file final34.txt (compact mmCIF, N, CA and C atoms and all ligand atoms)
# COMPACT_ATOMS: atom_id res chain seq x y z
N MET C 10 -11.02 7.55 4.38
CA MET C 10 -9.65 7.33 4.88
C MET C 10 -8.69 8.33 4.22
N GLU C 11 -7.86 8.93 5.06
CA GLU C 11 -6.94 9.96 4.57
C GLU C 11 -5.52 9.59 5.02
N ILE C 12 -4.55 9.79 4.14
CA ILE C 12 -3.16 9.53 4.54
C ILE C 12 -2.43 10.86 4.64
N ARG C 13 -1.72 11.04 5.73
CA ARG C 13 -0.96 12.28 5.87
C ARG C 13 0.32 12.04 6.67
N ARG C 14 1.23 12.99 6.57
CA ARG C 14 2.48 12.90 7.31
C ARG C 14 2.20 12.99 8.80
N TYR C 15 2.86 12.14 9.55
CA TYR C 15 2.71 12.13 11.00
C TYR C 15 3.38 13.36 11.60
N SER C 16 2.74 13.91 12.63
CA SER C 16 3.40 14.95 13.42
C SER C 16 3.16 14.63 14.90
N LYS C 17 3.89 15.32 15.74
CA LYS C 17 3.82 15.09 17.19
C LYS C 17 2.37 15.11 17.71
N ALA C 18 1.53 15.92 17.09
CA ALA C 18 0.13 16.04 17.52
C ALA C 18 -0.63 14.72 17.36
N ASP C 19 -0.09 13.81 16.54
CA ASP C 19 -0.77 12.52 16.30
C ASP C 19 -0.30 11.43 17.26
N GLU C 20 0.63 11.81 18.15
CA GLU C 20 1.30 10.80 18.99
C GLU C 20 0.31 9.93 19.78
N THR C 21 -0.62 10.55 20.46
CA THR C 21 -1.55 9.78 21.31
C THR C 21 -2.35 8.78 20.48
N LEU C 22 -2.83 9.23 19.33
CA LEU C 22 -3.65 8.34 18.51
C LEU C 22 -2.82 7.23 17.87
N LEU C 23 -1.56 7.52 17.57
CA LEU C 23 -0.69 6.47 17.03
C LEU C 23 -0.41 5.42 18.10
N PHE C 24 -0.15 5.88 19.33
CA PHE C 24 0.10 4.91 20.41
C PHE C 24 -1.16 4.11 20.75
N ASP C 25 -2.29 4.71 20.55
CA ASP C 25 -3.55 3.99 20.74
C ASP C 25 -3.60 2.78 19.79
N LEU C 26 -3.16 2.99 18.56
CA LEU C 26 -3.09 1.87 17.60
C LEU C 26 -2.10 0.81 18.07
N LEU C 27 -0.92 1.24 18.50
CA LEU C 27 0.12 0.29 18.93
C LEU C 27 -0.34 -0.51 20.15
N ILE C 28 -0.96 0.17 21.11
CA ILE C 28 -1.44 -0.51 22.33
C ILE C 28 -2.52 -1.52 21.96
N ASN C 29 -3.34 -1.14 21.01
CA ASN C 29 -4.42 -2.02 20.55
C ASN C 29 -3.88 -3.34 19.95
N GLU C 30 -2.64 -3.31 19.48
CA GLU C 30 -2.02 -4.52 18.90
C GLU C 30 -1.53 -5.48 19.97
N GLY C 31 -1.46 -5.00 21.22
CA GLY C 31 -1.09 -5.89 22.32
C GLY C 31 0.41 -6.15 22.40
N ASP C 32 0.75 -7.33 22.95
CA ASP C 32 2.14 -7.62 23.28
C ASP C 32 3.07 -7.74 22.07
N ASP C 33 2.52 -7.99 20.90
CA ASP C 33 3.38 -8.08 19.71
C ASP C 33 4.15 -6.78 19.48
N TRP C 34 3.56 -5.68 19.95
CA TRP C 34 4.19 -4.37 19.71
C TRP C 34 4.63 -3.72 21.01
N ILE C 35 4.79 -4.55 22.05
CA ILE C 35 5.12 -4.02 23.38
C ILE C 35 6.46 -3.28 23.40
N ASP C 36 7.39 -3.70 22.52
CA ASP C 36 8.69 -3.02 22.46
C ASP C 36 8.53 -1.54 22.10
N TYR C 37 7.44 -1.21 21.46
CA TYR C 37 7.19 0.17 21.04
C TYR C 37 6.31 0.94 22.01
N HIS C 38 5.41 0.23 22.70
CA HIS C 38 4.47 0.99 23.54
C HIS C 38 4.59 0.68 25.04
N GLY C 39 5.50 -0.23 25.41
CA GLY C 39 5.73 -0.51 26.84
C GLY C 39 6.38 0.69 27.51
N PRO C 40 6.56 0.64 28.82
CA PRO C 40 7.06 1.82 29.55
C PRO C 40 8.40 2.33 29.03
N VAL C 41 9.34 1.45 28.72
CA VAL C 41 10.65 1.89 28.22
C VAL C 41 10.56 2.16 26.72
N GLY C 42 9.91 1.25 26.03
CA GLY C 42 9.81 1.33 24.58
C GLY C 42 9.17 2.62 24.10
N ARG C 43 8.15 3.04 24.79
CA ARG C 43 7.41 4.23 24.34
C ARG C 43 8.33 5.45 24.23
N ILE C 44 9.16 5.64 25.24
CA ILE C 44 10.06 6.81 25.24
C ILE C 44 11.04 6.71 24.06
N LYS C 45 11.57 5.50 23.84
CA LYS C 45 12.51 5.29 22.73
C LYS C 45 11.81 5.49 21.37
N TYR C 46 10.58 4.99 21.32
CA TYR C 46 9.88 5.05 20.02
C TYR C 46 9.47 6.49 19.68
N ILE C 47 9.14 7.27 20.71
CA ILE C 47 8.82 8.68 20.47
C ILE C 47 10.02 9.37 19.82
N LYS C 48 11.21 9.02 20.30
CA LYS C 48 12.45 9.59 19.75
C LYS C 48 12.66 9.11 18.30
N ALA C 49 12.42 7.83 18.10
CA ALA C 49 12.58 7.27 16.74
C ALA C 49 11.62 7.96 15.77
N LEU C 50 10.42 8.22 16.23
CA LEU C 50 9.43 8.89 15.37
C LEU C 50 9.90 10.29 15.00
N GLU C 51 10.56 10.95 15.94
CA GLU C 51 11.04 12.32 15.69
C GLU C 51 12.06 12.35 14.55
N SER C 52 12.85 11.27 14.43
CA SER C 52 13.89 11.26 13.39
C SER C 52 13.50 10.39 12.19
N SER C 53 12.23 10.06 12.09
CA SER C 53 11.76 9.22 10.97
C SER C 53 10.77 9.99 10.12
N ILE C 54 10.49 9.41 8.96
CA ILE C 54 9.41 9.92 8.12
C ILE C 54 8.27 8.92 8.28
N THR C 55 7.17 9.42 8.80
CA THR C 55 6.05 8.53 9.12
C THR C 55 4.77 9.07 8.50
N TYR C 56 3.99 8.15 7.97
CA TYR C 56 2.67 8.51 7.43
C TYR C 56 1.63 7.74 8.21
N ILE C 57 0.50 8.40 8.46
CA ILE C 57 -0.58 7.70 9.15
C ILE C 57 -1.83 7.72 8.28
N ALA C 58 -2.58 6.64 8.40
CA ALA C 58 -3.88 6.55 7.73
C ALA C 58 -4.94 6.86 8.78
N TYR C 59 -5.75 7.85 8.49
CA TYR C 59 -6.81 8.29 9.42
C TYR C 59 -8.17 7.85 8.91
N ASP C 60 -8.97 7.33 9.83
CA ASP C 60 -10.36 7.05 9.50
C ASP C 60 -11.16 7.78 10.57
N GLU C 61 -11.71 8.91 10.21
CA GLU C 61 -12.33 9.82 11.17
C GLU C 61 -11.32 10.14 12.27
N ASN C 62 -11.60 9.81 13.54
CA ASN C 62 -10.64 10.18 14.59
C ASN C 62 -9.79 9.01 15.05
N LEU C 63 -9.62 8.03 14.17
CA LEU C 63 -8.88 6.83 14.52
C LEU C 63 -7.68 6.70 13.59
N VAL C 64 -6.51 6.41 14.16
CA VAL C 64 -5.38 6.06 13.28
C VAL C 64 -5.56 4.57 12.94
N CYS C 65 -5.78 4.28 11.68
CA CYS C 65 -6.06 2.89 11.30
C CYS C 65 -4.85 2.23 10.65
N GLY C 66 -3.75 2.96 10.52
CA GLY C 66 -2.54 2.33 10.00
C GLY C 66 -1.42 3.36 9.93
N TYR C 67 -0.20 2.85 9.84
CA TYR C 67 0.92 3.78 9.67
C TYR C 67 2.11 3.06 9.05
N VAL C 68 2.98 3.88 8.50
CA VAL C 68 4.23 3.37 7.96
C VAL C 68 5.34 4.32 8.42
N ARG C 69 6.44 3.73 8.88
CA ARG C 69 7.57 4.58 9.35
C ARG C 69 8.81 4.22 8.55
N CYS C 70 9.49 5.22 8.06
CA CYS C 70 10.69 4.96 7.25
C CYS C 70 11.76 6.02 7.49
N ARG C 71 12.94 5.76 6.91
CA ARG C 71 14.03 6.74 6.97
C ARG C 71 14.62 6.86 5.57
N GLU C 72 15.10 8.06 5.29
CA GLU C 72 15.68 8.33 3.98
C GLU C 72 17.20 8.43 4.14
N ASP C 73 17.92 7.66 3.33
CA ASP C 73 19.37 7.56 3.49
C ASP C 73 20.11 8.55 2.59
N ASP C 74 19.84 9.82 2.79
CA ASP C 74 20.54 10.91 2.08
C ASP C 74 20.71 10.63 0.59
N GLY C 75 19.64 10.25 -0.04
CA GLY C 75 19.68 10.05 -1.50
C GLY C 75 19.97 8.64 -1.93
N PHE C 76 20.27 7.74 -0.99
CA PHE C 76 20.61 6.35 -1.34
C PHE C 76 19.47 5.38 -1.07
N GLY C 77 18.28 5.89 -0.93
CA GLY C 77 17.14 5.00 -0.76
C GLY C 77 16.34 5.31 0.49
N VAL C 78 15.10 4.87 0.45
CA VAL C 78 14.20 5.02 1.58
C VAL C 78 13.95 3.63 2.15
N TYR C 79 14.10 3.52 3.45
CA TYR C 79 13.99 2.21 4.12
C TYR C 79 12.79 2.22 5.06
N ILE C 80 11.85 1.34 4.78
CA ILE C 80 10.65 1.23 5.63
C ILE C 80 10.93 0.25 6.75
N TYR C 81 10.70 0.70 7.98
CA TYR C 81 10.95 -0.14 9.16
C TYR C 81 9.66 -0.73 9.72
N ASP C 82 8.60 0.04 9.71
CA ASP C 82 7.37 -0.43 10.33
C ASP C 82 6.18 -0.18 9.40
N LEU C 83 5.34 -1.18 9.31
CA LEU C 83 4.06 -1.02 8.61
C LEU C 83 3.02 -1.76 9.45
N LEU C 84 1.97 -1.09 9.79
CA LEU C 84 0.93 -1.71 10.62
C LEU C 84 -0.44 -1.16 10.22
N VAL C 85 -1.38 -2.07 10.10
CA VAL C 85 -2.78 -1.69 9.86
C VAL C 85 -3.63 -2.25 10.99
N ARG C 86 -4.50 -1.45 11.52
CA ARG C 86 -5.37 -1.86 12.64
C ARG C 86 -6.15 -3.12 12.25
N LYS C 87 -6.27 -4.03 13.20
CA LYS C 87 -6.91 -5.32 12.90
C LYS C 87 -8.29 -5.16 12.26
N THR C 88 -9.04 -4.21 12.81
CA THR C 88 -10.41 -4.01 12.30
C THR C 88 -10.45 -3.41 10.89
N HIS C 89 -9.31 -2.93 10.40
CA HIS C 89 -9.28 -2.24 9.12
C HIS C 89 -8.47 -2.98 8.05
N ARG C 90 -8.06 -4.20 8.35
CA ARG C 90 -7.23 -4.93 7.38
C ARG C 90 -8.06 -5.38 6.17
N GLY C 91 -7.36 -5.59 5.07
CA GLY C 91 -8.03 -6.07 3.86
C GLY C 91 -8.71 -4.97 3.07
N ARG C 92 -8.39 -3.71 3.39
CA ARG C 92 -9.00 -2.58 2.66
C ARG C 92 -7.95 -1.81 1.88
N ARG C 93 -6.83 -2.46 1.62
CA ARG C 93 -5.74 -1.84 0.85
C ARG C 93 -5.07 -0.68 1.56
N ILE C 94 -5.23 -0.58 2.86
CA ILE C 94 -4.61 0.54 3.59
C ILE C 94 -3.09 0.35 3.60
N GLY C 95 -2.63 -0.89 3.82
CA GLY C 95 -1.20 -1.17 3.82
C GLY C 95 -0.58 -0.81 2.47
N LYS C 96 -1.23 -1.25 1.41
CA LYS C 96 -0.72 -0.99 0.05
C LYS C 96 -0.70 0.52 -0.22
N THR C 97 -1.75 1.21 0.19
CA THR C 97 -1.84 2.66 -0.06
C THR C 97 -0.74 3.40 0.70
N LEU C 98 -0.44 2.97 1.92
CA LEU C 98 0.64 3.60 2.69
C LEU C 98 1.97 3.40 1.98
N LEU C 99 2.22 2.19 1.49
CA LEU C 99 3.48 1.91 0.78
C LEU C 99 3.58 2.76 -0.49
N GLU C 100 2.46 2.87 -1.18
CA GLU C 100 2.46 3.65 -2.43
C GLU C 100 2.69 5.13 -2.15
N ARG C 101 2.20 5.59 -1.02
CA ARG C 101 2.40 7.01 -0.67
C ARG C 101 3.89 7.32 -0.48
N VAL C 102 4.59 6.39 0.17
CA VAL C 102 6.04 6.57 0.35
C VAL C 102 6.70 6.65 -1.04
N CYS C 103 6.34 5.75 -1.91
CA CYS C 103 6.93 5.73 -3.27
C CYS C 103 6.64 7.04 -4.01
N GLU C 104 5.43 7.52 -3.89
CA GLU C 104 5.03 8.77 -4.57
C GLU C 104 5.86 9.95 -4.07
N ASP C 105 6.12 9.98 -2.78
CA ASP C 105 6.81 11.14 -2.20
C ASP C 105 8.32 11.10 -2.42
N PHE C 106 8.84 9.95 -2.86
CA PHE C 106 10.28 9.82 -3.15
C PHE C 106 10.46 9.23 -4.54
N PRO C 107 10.02 9.97 -5.56
CA PRO C 107 9.98 9.39 -6.91
C PRO C 107 11.36 9.04 -7.47
N ASN C 108 12.41 9.67 -6.96
CA ASN C 108 13.75 9.46 -7.54
C ASN C 108 14.63 8.55 -6.71
N GLN C 109 14.02 7.82 -5.80
CA GLN C 109 14.84 6.95 -4.95
C GLN C 109 14.22 5.56 -4.87
N PRO C 110 15.08 4.54 -4.71
CA PRO C 110 14.51 3.22 -4.45
C PRO C 110 13.87 3.21 -3.05
N VAL C 111 12.84 2.41 -2.90
CA VAL C 111 12.17 2.25 -1.61
C VAL C 111 12.25 0.78 -1.21
N TYR C 112 12.77 0.52 -0.03
CA TYR C 112 12.94 -0.85 0.47
C TYR C 112 12.09 -1.02 1.73
N VAL C 113 11.73 -2.27 2.01
CA VAL C 113 11.01 -2.54 3.26
C VAL C 113 11.68 -3.69 4.00
N MET C 114 11.83 -3.53 5.31
CA MET C 114 12.34 -4.61 6.17
C MET C 114 11.17 -5.54 6.45
N SER C 115 11.12 -6.65 5.77
CA SER C 115 9.92 -7.49 5.84
C SER C 115 9.94 -8.49 6.99
N ASP C 116 8.80 -8.57 7.66
CA ASP C 116 8.56 -9.66 8.62
C ASP C 116 7.52 -10.61 8.05
N VAL C 117 6.90 -10.21 6.96
CA VAL C 117 5.81 -11.00 6.39
C VAL C 117 6.00 -11.06 4.87
N ASP C 118 6.94 -11.90 4.46
CA ASP C 118 7.27 -11.96 3.03
C ASP C 118 6.06 -12.22 2.13
N PRO C 119 5.12 -13.11 2.52
CA PRO C 119 4.00 -13.40 1.60
C PRO C 119 3.19 -12.15 1.25
N TYR C 120 3.13 -11.20 2.18
CA TYR C 120 2.38 -9.96 1.90
C TYR C 120 3.06 -9.17 0.78
N TYR C 121 4.35 -8.97 0.91
CA TYR C 121 5.04 -8.17 -0.10
C TYR C 121 5.11 -8.92 -1.44
N GLU C 122 5.20 -10.22 -1.38
CA GLU C 122 5.17 -11.02 -2.61
C GLU C 122 3.82 -10.88 -3.29
N LYS C 123 2.77 -10.93 -2.47
CA LYS C 123 1.40 -10.78 -3.01
C LYS C 123 1.24 -9.44 -3.70
N LEU C 124 1.88 -8.40 -3.15
CA LEU C 124 1.77 -7.07 -3.76
C LEU C 124 2.66 -6.94 -5.00
N GLY C 125 3.46 -7.98 -5.27
CA GLY C 125 4.25 -7.99 -6.50
C GLY C 125 5.63 -7.38 -6.37
N TYR C 126 6.08 -7.14 -5.16
CA TYR C 126 7.41 -6.55 -4.98
C TYR C 126 8.48 -7.63 -5.09
N ARG C 127 9.65 -7.20 -5.56
CA ARG C 127 10.76 -8.11 -5.80
C ARG C 127 11.68 -8.17 -4.58
N ARG C 128 12.02 -9.38 -4.21
CA ARG C 128 12.95 -9.53 -3.08
C ARG C 128 14.34 -9.04 -3.49
N GLU C 129 15.00 -8.32 -2.61
CA GLU C 129 16.36 -7.87 -2.90
C GLU C 129 17.16 -7.95 -1.60
N GLY C 130 18.07 -8.89 -1.54
CA GLY C 130 18.91 -9.03 -0.35
C GLY C 130 18.13 -9.61 0.82
N SER C 131 18.79 -9.61 1.98
CA SER C 131 18.15 -10.10 3.19
C SER C 131 18.90 -9.50 4.37
N ILE C 132 18.37 -9.71 5.55
CA ILE C 132 18.98 -9.14 6.75
C ILE C 132 19.60 -10.24 7.60
N PHE C 133 20.80 -10.03 8.04
CA PHE C 133 21.45 -10.95 8.98
C PHE C 133 21.59 -10.23 10.32
N LYS C 134 21.39 -10.96 11.40
CA LYS C 134 21.65 -10.37 12.71
C LYS C 134 23.10 -10.65 13.08
N ILE C 135 23.88 -9.63 13.27
CA ILE C 135 25.29 -9.77 13.59
C ILE C 135 25.46 -9.93 15.11
N LYS C 136 24.56 -9.32 15.84
CA LYS C 136 24.68 -9.29 17.29
C LYS C 136 23.27 -9.08 17.85
N ALA C 137 22.95 -9.73 18.96
CA ALA C 137 21.58 -9.64 19.49
C ALA C 137 21.30 -8.26 20.08
N LYS C 138 22.21 -7.76 20.90
CA LYS C 138 21.97 -6.42 21.50
C LYS C 138 23.28 -5.69 21.67
C1 LIG C 201 0.45 -6.98 6.67
C2 LIG C 201 -0.54 -5.81 6.82
C3 LIG C 201 0.24 -4.50 6.90
C4 LIG C 201 -1.46 -5.80 5.60
O1 LIG C 201 -2.28 -4.63 5.65
P1 LIG C 201 -3.68 -4.56 4.86
O2 LIG C 201 -4.06 -3.13 4.72
O3 LIG C 201 -4.67 -5.47 5.51
O4 LIG C 201 -3.28 -5.20 3.48
P2 LIG C 201 -3.84 -4.78 2.03
O5 LIG C 201 -5.32 -4.56 2.15
O6 LIG C 201 -3.01 -3.69 1.48
O7 LIG C 201 -3.57 -6.14 1.25
C5 LIG C 201 -3.28 -6.16 -0.12
C6 LIG C 201 -3.36 -7.60 -0.59
O8 LIG C 201 -2.45 -8.41 0.18
C7 LIG C 201 -3.14 -9.52 0.78
N1 LIG C 201 -2.58 -9.77 2.10
C8 LIG C 201 -2.80 -9.08 3.24
N2 LIG C 201 -2.06 -9.59 4.25
C9 LIG C 201 -1.37 -10.63 3.73
C10 LIG C 201 -0.46 -11.58 4.26
N3 LIG C 201 -0.08 -11.55 5.56
N4 LIG C 201 0.04 -12.52 3.43
C11 LIG C 201 -0.31 -12.57 2.13
N5 LIG C 201 -1.17 -11.70 1.55
C12 LIG C 201 -1.71 -10.76 2.35
C13 LIG C 201 -4.57 -9.06 0.85
O9 LIG C 201 -5.45 -10.16 0.89
C14 LIG C 201 -4.73 -8.23 -0.40
O10 LIG C 201 -4.95 -9.09 -1.49
P3 LIG C 201 -6.03 -8.71 -2.65
O11 LIG C 201 -5.41 -7.56 -3.38
O12 LIG C 201 -6.13 -9.95 -3.47
O13 LIG C 201 -7.29 -8.34 -1.95
C15 LIG C 201 -1.44 -5.99 8.07
O14 LIG C 201 -1.99 -7.28 8.06
C16 LIG C 201 -0.70 -5.79 9.39
O15 LIG C 201 -0.60 -4.69 9.89
N6 LIG C 201 -0.16 -6.89 9.97
C17 LIG C 201 0.56 -6.82 11.25
C18 LIG C 201 1.87 -6.10 11.12
C19 LIG C 201 2.72 -6.63 10.00
O16 LIG C 201 2.80 -7.83 9.78
N7 LIG C 201 3.32 -5.69 9.24
C20 LIG C 201 4.08 -6.01 8.03
C21 LIG C 201 5.36 -6.67 8.29
S1 LIG C 201 6.71 -5.55 8.42
call {"tool": "encode", "arguments": {"input": "final34.txt", "output": "structure tokens", "more": "lines below"}}
Ligand SMILES: CC(C)(COP(=O)(O)OP(=O)(O)OC[C@H]1O[C@@H](n2cnc3c(N)ncnc32)[C@H](O)[C@@H]1OP(=O)(O)O)[C@@H](O)C(=O)NCCC(=O)NCCS
result
Amino acid sequence: MEIRRYSKADETLLFDLLINEGDDWIDYHGPVGRIKYIKALESSITYIAYDENLVCGYVRCREDDGFGVYIYDLLVRKTHRGRRIGKTLLERVCEDFPNQPVYVMSDVDPYYEKLGYRREGSIFKIKAK
């Protein structure tokens, strides 16, 4: 397994992972979502975990001009879970931004708690759309 920075050339294999996740990730790979997500990827910092010719996980984040790195998406392929790929992706972001705090928008608090990360703040929805 190798982790590297995502580039446009990885697009098809990354979407293969998203499609494989089914409707939970439809906002990203559905007909409208895909176009929007391709744009989001262009303006994000994304790392992918490769296992031979398969993208088995990825993390997408943005850097706030020196005020921290914010992780928006973390996903590991179902068949590859439990092999520390998620943890390794998170650690790679930390390694590449040694002088900045790194935050994650959590949907699965028990996972980040299990990894020993400290909760800081929370997110409120001000408006639905
Ligand atoms: C959550 C997710 C990223 C974990 O990826 P993973 O590569 O399987 O996780 P890791 O192998 O790094 O797990 C590290 C540890 O956390 C534990 N863990 C994994 N998922 C967990 C969960 N949902 N709750 C609590 N602990 C969890 C593992 O058992 C492992 O423990 P160990 O060190 O005692 O073996 C993966 O299950 C996934 O993609 N889920 C769907 C998308 C999602 O929920 N993304 C994160 C929310 S933003």
call {"tool": "closest_residue", "arguments": {"input": "final34.txt", "among": "C:Val64, C:Val113, C:Ile28, C:Leu22", "to": "C:Val78", "atoms": "all atoms listed in the file"}}
result
C:Val113
call {"tool": "residues_near_ligand", "arguments": {"input": "final34.txt", "ligand": "ligand LIG 201 (chain C)", "cutoff": "12 Å", "atoms": "only C-alpha atoms and all ligand atoms", "output": "JSON, numbers by chain"}}
result
{"C": [10, 26, 27, 29, 30, 31, 33, 34, 58, 65, 66, 67, 68, 69, 70, 79, 80, 81, 82, 83, 84, 85, 86, 87, 88, 89, 90, 91, 92, 93, 94, 95, 96, 97, 98, 99, 100, 112, 113, 114, 115, 116, 117, 118, 119, 120, 121, 122, 123, 124, 125, 126]}
call {"tool": "atom_distance", "arguments": {"input": "final34.txt", "atom1": "atom N of C:Asp25", "atom2": "atom CA of C:Ala49"}}
result
15.6 Å
call {"tool": "residues_around", "arguments": {"input": "final34.txt", "residues": "C:Glu51", "least_positions_apart": "5", "cutoff": "10 Å", "atoms": "only C-alpha atoms", "output": "VMD selection string"}}
result
chain C and resid 15 to 17 46
call {"tool": "axis_aligned_box", "arguments": {"input": "final34.txt", "around": "stretch 114-130 of chain C", "padding_each_side": "8 Å", "output": "JSON"}}
result
{"center_x": 10.1, "center_y": -8.5, "center_z": 1.1, "size_x": 33.7, "size_y": 25.9, "size_z": 31.1}
call {"tool": "atom_distance", "arguments": {"input": "final34.txt", "atom1": "atom N of C:Glu129", "atom2": "atom C of C:Asp105"}}
result
20.5 Å
call {"tool": "residues_near_point", "arguments": {"input": "final34.txt", "point": "(15.9, 13.1, -2.6)", "cutoff": "7 Å", "atoms": "all atoms listed in the file", "output": "list in words"}}
result
Asp74, Gly75, Phe106, Asn108 and Gln109 of chain C
call {"tool": "select_by_dssp", "arguments": {"input": "final34.txt", "residues": "stretch 13-129 of chain C", "states": "helix (DSSP H, G or I)", "output": "JSON, numbers by chain"}}
result
{"C": [17, 18, 19, 20, 21, 22, 23, 24, 25, 26, 27, 28, 29, 31, 32, 33, 34, 35, 36, 37, 38, 40, 41, 42, 43, 44, 45, 46, 47, 48, 49, 50, 51, 87, 88, 89, 94, 95, 96, 97, 98, 99, 100, 101, 102, 103, 104, 105, 118, 119, 120, 121, 122, 123]}
call {"tool": "atom_distance", "arguments": {"input": "final34.txt", "atom1": "atom CA of C:Gly130", "atom2": "atom CA of C:Ser52"}}
result
25.0 Å
